[in-house]
Amino acid sequence: MSSIFTLCQSVLAISLAFCASAATPMVFAAETEPEEPAPQMLPEVRLQAERESVGEQRLERRQIEAMNGIDGNITSLLRINPSVQFDNQQQASATQGELAPADISINGAKFYDNLYQMDGMSLNNSIGPASNNPANMTAPPAASQGFAVDTSLLCEVTVLDSNIGAEYGRFKGGVVNANTCAPTRKLAGQVSVESTRSAWMQYKLSDSQRESAANSATADLQPAFEKWTYRAALQGKVTENFSLIGSFIRKTSEIPLNGYGNGLQSAGDANRKVQRRGSDNAFVRGFWSIIPGVLADFSLMHAPSSGDYFIANVKNSTYHLKSGGNGLNLGLTHPVALLGGATAEHRLSWNKMESSRDADASIWKAWRYSNDKNWGVKTGTGATGWASTEGGYGDIDQEQETAQYQGKLKWEPITLLGMSHTFQAGLELGTQRSSYRRNTTYEQYTGSVNTNTCNMVGGGVDTQYCSLATPWNAASSVRGQYLASRIIHYAGAYELSNKTRGAFLQDDVKLGDVRVRLGARYDSDDLSPKSSIAPRLSAFWDVAGKGTTQVELGANRYYGRNFFDFYANSKRLALQTKSQTRTLSGGLLKDWAAPEMAANWAWYKLGDMKVPYTDEKMLGISQQWAGVKWSAKRVLREGRDEMVQHLESAANYSWDNIGRTDSKVWTLAAETLRPVRWGETATRVQFGYDHTRTNSSHADYDDSLSELAGDMDQYIYYQGKFMRWTDRPANNYNRPWTARLLLSTDIPAYRLKVDNFFRVRGKETAMVSTGESKPFDGGVADVYEDATAGKAVSWDMRVQYALPKTGPGEGFINVAVENVTNRSNPLYQAKELVYEKGRQFTLELGYRF
C-alpha cells in the first residue's frame, strides 16, 4: 500500500512542477533522461468543421480523457458544460462507494427529461426513472440512463443544450449524444486495471455523520469502500473495407457495513455484512465500407449492472438488484438520386433493459426481541423498543424492450428564389414493451401482541407467526407473542405496450451572411392523449461574413415522453390486499380471515393528461478573438403541463399535468482555437460560467401537490416577496452560479499529459420555514428563509504518463486526484448540511500497443 502512495505522490509532484513553471521541464529532464529520442511535435492540421450553435458543445477524445471522472461514466464528462447541473449526491462524501452515473439537469429541466444516445441508439430508461430507493417494497429502483457506459469506449460526446434542431425529439432538457471510435490501424489493443478506495480518500462528514460513521448499517453512510475497474480492448482492420473494435469492462465496488445500527451487536445474526456493486460492459462494433459512399456499421452491447444490499437491523434481508441489459444497433448510409441528390441514413436498434430484484426472503416478520428471536437490537422505546425483524420483500422482474427505426434524408443545397436551401427530413417508428412480474407472494406481518398460547381456534398450533418465548418488556406472566397484522402482495404480472411515431422536416435557408433554420417535429404514441407538433426556429447571422462573429436567436418547443410509470403504479397496487388484524378468542388465536383486495389502486388515476412540453427562447453570440472562441447565451425556459401526483381529496390521487418549471440561465464559455505552446508543452484552455435561476412546483413526478394542503393556491413569503408555493426555487440542480476552467497540457518529450480542472460554485441555499407568517390577501403566508452553505471550490488533477516503449507497445500510469487541496465543500441533502468528499486518489496501470 505504501508503495502505491509513494507512486501517486511522485507522479503528482511531477505534474505540479510542470504546471508551476515553464523552466521545470529542464529540471525533470536532468533527473529522468528519456531512454529514446523525444517525439517531434508535428505542425497542427485543423479541419474546418460545420459552424456550430452556441447551444452545442462537442468533447473530443483528448477532452474526454481530461474530464474523465473517477467512475468513468458519461455524465462525469459534462462538468465542463455551463448548462449542466449535477445532483448534490454525486460528490457527497458519505456515498462514494456507489458506481451509478450521476443524474444531471440541463437548463433547469428534470433529470429524467434528457435524451441519451450512443451511436444513435437510445439509452433512456422509462421504467420509473425517478425511483431511487433500493429498498422500495413494490418497485425496484431504476435510473434515467438504462445502460452505464464507460468513457473509455468513446471518441466524441456532443451535448445539445439549447436551440436544438427538429431531428431530436421526446425530451425536455437536452440531448447527450455519445459516439464510439472507429478503428484506425490494423491491430491495436489495451489492457488496464484501475482502483480507488476509502483509504485513498479524505472523508468530510457532518457532526451527526461523524458520530455514526464507524457503526453505520446503511449505504447512505459508507465508512469504507474499495473499487476496481478492469478494461481490455482490441481493434483492427479485418480487411481494407471492414474493421472491428471490441472491449470488455468490469467495475466492482465493495462496501462493508454493520448489520445493525447504533453500534449494537446481534446475538443471532452476522454483525458485519458487505454490500456490493458491479457492472459489466461487453461491446463489439463493426464498420464496413461496402462501396464508395455506402457505409454500414453494427454494434452489440451486453451491459448488466447489479447490487447486493441488505436491510439494516433485519435478519435474512439480503437482496440482489439487477439493471442494464443488451443492445443491438445497425446503421446504413448511402446516396440517393432523389430531387437533386441526397444522403440517406438508416438506423435500426433494439435494446432490452431491466430493473429487477432477487430477495432471500418473501415474508416479513416484525417480532419483539426474545430468547428465540434473539438477533434484534434496540431501535426505539416502549413495548417495541427491541425489535427482531426478519425477511425481505420478494422477487420482482421489471423489463423494458424497445425496437426503433430511424431514417433521415439530407439533400444537397439547392438554390430557390436566390436563397440556398438545405432540406432534411426524417421518420422514426418504434415499439416499446414494459413488463412487471412479482414472482413470489410477499407477506408482511407486524403488530406483536402478548399471548400465553399459540393454539388456534378450531385446533392446530401457529408455529410461523407465534412464539412462546417471553418478548422483551413483557410482564413475567406473559409467555410469548403473536403477530396480529398482515398485508399481502400477491404474485402477479402485467404488461404495457406502446407504439411511437415521429417525423421531422427542416430547411436550412441561407441568404448572404444570414442563415435561418426552419423546422417542425411531429410525435405521437399510443399512450399519449394526442399527437404533438413542435416548432423549431432559429436564425444565425455571420456578422463579418468570415465566421468570426455570429449572432444566434432561437424559439423552440420540446415535448417530453410519457412514462410507463404513470400507467403502472395502479397496476402494482392492484396486487395488494387490505390490512388485516386478528385477535385472541377465548384464550386461543383466531385464524386469518380471507384476504380482501385493497382499493388504494383506484386512488391513482390518470387525469386529463396532456403531453408535457417546454418553450424555449434563446439569444447567443460567439466571437473568435485573440486565438479564443468566446460565446455567451441567454436561455429562458418555461416547462408546462408537467406530470406530478395530485392529491385532489382524501385518499384520491391522480397523475395530472399541474406541474411547472421556469428557468433563466446565462452562460459564458471560452475555448482556445489551438493549443497554447510554451517550450515543449501544448495546452488547451476551456472556460465556462453560468448564472442559473430555476423555480419548480415539484422535484420529480413522484412528488405530490395537494389540494388539501392548499399547495396550488398557497402563498409564501420568501426572499423579501410573496410568491406561490408552486413557484419556489428548485431544491436540487440549482447552484446559483458556477465557474469552470480546464487546462489540458501535453508534454510529448516526456510522454506526459497533465489535466487540471478547477470549479467554483456559488453558495447553495435551502429554503426552511421560520415558523412565522405574514398577512396576505385576506389570509396568511408562511415565512421561509434561506439556510446557506458556503461556496464550493475544487481542483481536480489527472496525470497520464506513458512508459518508454518495450516491444510493440508501452505501459502507462494514470493518476487522478480529485479535490487536490482537500477543501471542505458544504452542500445540502434533504435540507441537511453535509459535505463533498475530500482529496481522493485513483491509480490506473495498463499496457497498450
# chains A, B, ... in the order shown; residues from 1 in each chain; ligands from 1
>>> residues_around(residues="segment 823-840 of chain A", least_positions_apart="4", cutoff="7 Å", atoms="only C-alpha atoms", output="PyMOL selection string")
chain A and resi 88+91-93+200-206+764+766+789-790+792-793+817-819
>>> residues_around(residues="Thr614 of chain A", least_positions_apart="4", cutoff="6 Å", atoms="only C-alpha atoms", output="VMD selection string")
chain A and resid 172 557 to 558 638 to 639
>>> residues_around(residues="Arg250 of chain A", least_positions_apart="4", cutoff="8 Å", atoms="only C-alpha atoms", output="list in words")
Thr229, Tyr230, Arg231, Gly278, Ser279, Asp280 and Asn281 of chain A
>>> closest_residue(among="A:Val676, A:Met419, A:Leu339, A:Ala303", to="Asp508 of chain A", atoms="only C-alpha atoms")
A:Met419
>>> residues_around(residues="Phe225 of chain A", least_positions_apart="2", cutoff="8 Å", atoms="only C-alpha atoms", output="list in words")
Gln96, Gly97, Arg197, Ser198, Gln222, Pro223, Lys227, Ser253, Glu254, Ile255 and Pro256 of chain A
>>> closest_residue(among="A:Ala217, A:Ala233, A:Ala650, A:Leu115", to="Arg848 of chain A", atoms="only C-alpha atoms")
A:Ala233
>>> atom_distance(atom1="atom CA of Tyr750 of chain A", atom2="atom CA of Tyr847 of chain A")
17.3 Å
>>> residues_around(residues="segment 719-735 of chain A", least_positions_apart="4", cutoff="7 Å", atoms="only C-alpha atoms", output="PyMOL selection string")
chain A and resi 85-88+105+692-697+699+711-715+761-762+764+766+785
>>> residues_around(residues="Val176 of chain A", least_positions_apart="4", cutoff="8 Å", atoms="only C-alpha atoms", output="VMD selection string")
chain A and resid 114 to 117 157 to 160
>>> write_last_selection(atoms="C-alpha atoms", output="PDB file, in the first residue's frame")
ATOM      1  CA  ASN A 114     -32.866  14.267 -21.166  1.00  0.00           C
ATOM      2  CA  LEU A 115     -32.256  12.150 -24.249  1.00  0.00           C
ATOM      3  CA  TYR A 116     -29.194   9.890 -24.054  1.00  0.00           C
ATOM      4  CA  GLN A 117     -27.880   8.250 -27.205  1.00  0.00           C
ATOM      5  CA  VAL A 157     -19.592  13.305 -26.808  1.00  0.00           C
ATOM      6  CA  THR A 158     -21.887  16.057 -28.047  1.00  0.00           C
ATOM      7  CA  VAL A 159     -24.217  17.943 -25.736  1.00  0.00           C
ATOM      8  CA  LEU A 160     -27.125  19.865 -27.258  1.00  0.00           C
TER       9      LEU A 160
END
>>> residues_around(residues="segment 539-548 of chain A", least_positions_apart="2", cutoff="6 Å", atoms="only C-alpha atoms", output="mmCIF file with N, CA and C atoms, in the first residue's frame")
data_model
loop_
_atom_site.group_PDB
_atom_site.id
_atom_site.type_symbol
_atom_site.label_atom_id
_atom_site.label_comp_id
_atom_site.auth_asym_id
_atom_site.auth_seq_id
_atom_site.Cartn_x
_atom_site.Cartn_y
_atom_site.Cartn_z
ATOM 1 N N ASP A 513 -25.106 36.404 -45.501
ATOM 2 C CA ASP A 513 -24.487 36.041 -44.229
ATOM 3 C C ASP A 513 -25.511 35.639 -43.179
ATOM 4 N N VAL A 514 -26.751 35.507 -43.595
ATOM 5 C CA VAL A 514 -27.816 35.129 -42.659
ATOM 6 C C VAL A 514 -28.296 33.715 -42.986
ATOM 7 N N ARG A 515 -28.417 32.931 -41.950
ATOM 8 C CA ARG A 515 -28.919 31.560 -42.106
ATOM 9 C C ARG A 515 -30.102 31.374 -41.167
ATOM 10 N N VAL A 516 -31.186 30.833 -41.683
ATOM 11 C CA VAL A 516 -32.388 30.591 -40.883
ATOM 12 C C VAL A 516 -32.719 29.108 -40.958
ATOM 13 N N GLN A 550 -20.742 35.574 -34.727
ATOM 14 C CA GLN A 550 -22.050 35.036 -35.083
ATOM 15 C C GLN A 550 -23.060 35.347 -34.000
ATOM 16 N N VAL A 551 -24.188 35.874 -34.413
ATOM 17 C CA VAL A 551 -25.305 36.131 -33.504
ATOM 18 C C VAL A 551 -26.373 35.085 -33.784
ATOM 19 N N GLU A 552 -26.995 34.586 -32.727
ATOM 20 C CA GLU A 552 -27.918 33.452 -32.865
ATOM 21 C C GLU A 552 -29.187 33.716 -32.058
ATOM 22 N N LEU A 553 -30.326 33.418 -32.655
ATOM 23 C CA LEU A 553 -31.625 33.527 -31.998
ATOM 24 C C LEU A 553 -32.348 32.201 -32.129
ATOM 25 N N GLN A 623 -17.744 34.696 -30.732
ATOM 26 C CA GLN A 623 -16.735 35.595 -31.284
ATOM 27 C C GLN A 623 -15.371 34.929 -31.221
ATOM 28 N N GLN A 624 -14.664 34.941 -32.325
ATOM 29 C CA GLN A 624 -13.281 34.479 -32.338
ATOM 30 C C GLN A 624 -12.378 35.699 -32.215
#
>>> closest_residue(among="A:Thr667, A:Asn124, A:Gln235, A:Ser435", to="Lys571 of chain A", atoms="only C-alpha atoms")
A:Ser435
>>> select_by_dssp(residues="segment 612-808 of chain A", states="helix (DSSP H, G or I)", output="list in words")
Trp725, Thr726, Asp727, Pro748, Ala749 and Tyr750 of chain A
>>> write_last_selection(atoms="all heavy atoms", output="PDB file, in the first residue's frame")
ATOM      1  N   TRP A 725     -46.500  28.915  -3.635  1.00  0.00           N
ATOM      2  CA  TRP A 725     -45.713  27.764  -3.192  1.00  0.00           C
ATOM      3  C   TRP A 725     -45.158  26.986  -4.381  1.00  0.00           C
ATOM      4  O   TRP A 725     -44.029  26.502  -4.364  1.00  0.00           O
ATOM      5  CB  TRP A 725     -46.592  26.864  -2.319  1.00  0.00           C
ATOM      6  CG  TRP A 725     -46.010  25.520  -2.003  1.00  0.00           C
ATOM      7  CD1 TRP A 725     -46.377  24.322  -2.526  1.00  0.00           C
ATOM      8  CD2 TRP A 725     -44.950  25.248  -1.088  1.00  0.00           C
ATOM      9  NE1 TRP A 725     -45.614  23.314  -1.994  1.00  0.00           N
ATOM     10  CE2 TRP A 725     -44.729  23.850  -1.108  1.00  0.00           C
ATOM     11  CE3 TRP A 725     -44.151  26.038  -0.255  1.00  0.00           C
ATOM     12  CZ2 TRP A 725     -43.759  23.229  -0.331  1.00  0.00           C
ATOM     13  CZ3 TRP A 725     -43.183  25.431   0.517  1.00  0.00           C
ATOM     14  CH2 TRP A 725     -42.996  24.046   0.478  1.00  0.00           C
ATOM     15  N   THR A 726     -45.939  26.905  -5.445  1.00  0.00           N
ATOM     16  CA  THR A 726     -45.518  26.129  -6.612  1.00  0.00           C
ATOM     17  C   THR A 726     -44.461  26.850  -7.444  1.00  0.00           C
ATOM     18  O   THR A 726     -43.917  26.268  -8.381  1.00  0.00           O
ATOM     19  CB  THR A 726     -46.722  25.807  -7.506  1.00  0.00           C
ATOM     20  OG1 THR A 726     -47.431  27.021  -7.799  1.00  0.00           O
ATOM     21  CG2 THR A 726     -47.664  24.826  -6.815  1.00  0.00           C
ATOM     22  N   ASP A 727     -44.149  28.115  -7.125  1.00  0.00           N
ATOM     23  CA  ASP A 727     -43.136  28.870  -7.860  1.00  0.00           C
ATOM     24  C   ASP A 727     -41.848  29.023  -7.057  1.00  0.00           C
ATOM     25  O   ASP A 727     -40.997  29.858  -7.388  1.00  0.00           O
ATOM     26  CB  ASP A 727     -43.671  30.261  -8.236  1.00  0.00           C
ATOM     27  CG  ASP A 727     -44.801  30.193  -9.246  1.00  0.00           C
ATOM     28  OD1 ASP A 727     -44.827  29.227 -10.026  1.00  0.00           O
ATOM     29  OD2 ASP A 727     -45.653  31.102  -9.245  1.00  0.00           O
ATOM     30  N   PRO A 748       4.849  15.957 -24.927  1.00  0.00           N
ATOM     31  CA  PRO A 748       5.240  14.724 -25.606  1.00  0.00           C
ATOM     32  C   PRO A 748       6.690  14.335 -25.384  1.00  0.00           C
ATOM     33  O   PRO A 748       7.028  13.154 -25.423  1.00  0.00           O
ATOM     34  CB  PRO A 748       4.953  15.036 -27.085  1.00  0.00           C
ATOM     35  CG  PRO A 748       4.877  16.519 -27.181  1.00  0.00           C
ATOM     36  CD  PRO A 748       4.382  16.995 -25.872  1.00  0.00           C
ATOM     37  N   ALA A 749       7.598  15.298 -25.163  1.00  0.00           N
ATOM     38  CA  ALA A 749       9.006  14.963 -24.956  1.00  0.00           C
ATOM     39  C   ALA A 749       9.194  14.072 -23.741  1.00  0.00           C
ATOM     40  O   ALA A 749      10.157  13.305 -23.660  1.00  0.00           O
ATOM     41  CB  ALA A 749       9.830  16.241 -24.807  1.00  0.00           C
ATOM     42  N   TYR A 750       8.285  14.160 -22.808  1.00  0.00           N
ATOM     43  CA  TYR A 750       8.384  13.357 -21.585  1.00  0.00           C
ATOM     44  C   TYR A 750       7.196  12.428 -21.411  1.00  0.00           C
ATOM     45  O   TYR A 750       6.944  11.932 -20.319  1.00  0.00           O
ATOM     46  CB  TYR A 750       8.524  14.284 -20.368  1.00  0.00           C
ATOM     47  CG  TYR A 750       9.764  15.130 -20.460  1.00  0.00           C
ATOM     48  CD1 TYR A 750       9.684  16.447 -20.930  1.00  0.00           C
ATOM     49  CD2 TYR A 750      11.007  14.609 -20.143  1.00  0.00           C
ATOM     50  CE1 TYR A 750      10.815  17.219 -21.046  1.00  0.00           C
ATOM     51  CE2 TYR A 750      12.150  15.385 -20.258  1.00  0.00           C
ATOM     52  CZ  TYR A 750      12.053  16.691 -20.711  1.00  0.00           C
ATOM     53  OH  TYR A 750      13.188  17.458 -20.832  1.00  0.00           O
TER      54      TYR A 750
END
>>> select_by_dssp(residues="segment 500-579 of chain A", states="strand (DSSP E)", output="JSON, numbers by chain")
{"A": [500, 501, 502, 503, 504, 505, 506, 507, 508, 509, 510, 511, 514, 515, 516, 517, 518, 519, 520, 521, 522, 523, 524, 525, 532, 533, 534, 535, 536, 537, 538, 539, 540, 541, 542, 549, 550, 551, 552, 553, 554, 555, 556, 557, 558, 559]}
>>> atom_distance(atom1="atom CA of Lys617 of chain A", atom2="atom CA of Lys633 of chain A")
10.5 Å
>>> closest_residue(among="A:Phe310, A:Tyr465, A:Trp386, A:Tyr784", to="Leu264 of chain A", atoms="only C-alpha atoms")
A:Trp386
>>> closest_residue(among="A:Ala475, A:Val191, A:Ala94, A:Ala359", to="Asp397 of chain A", atoms="only C-alpha atoms")
A:Ala359
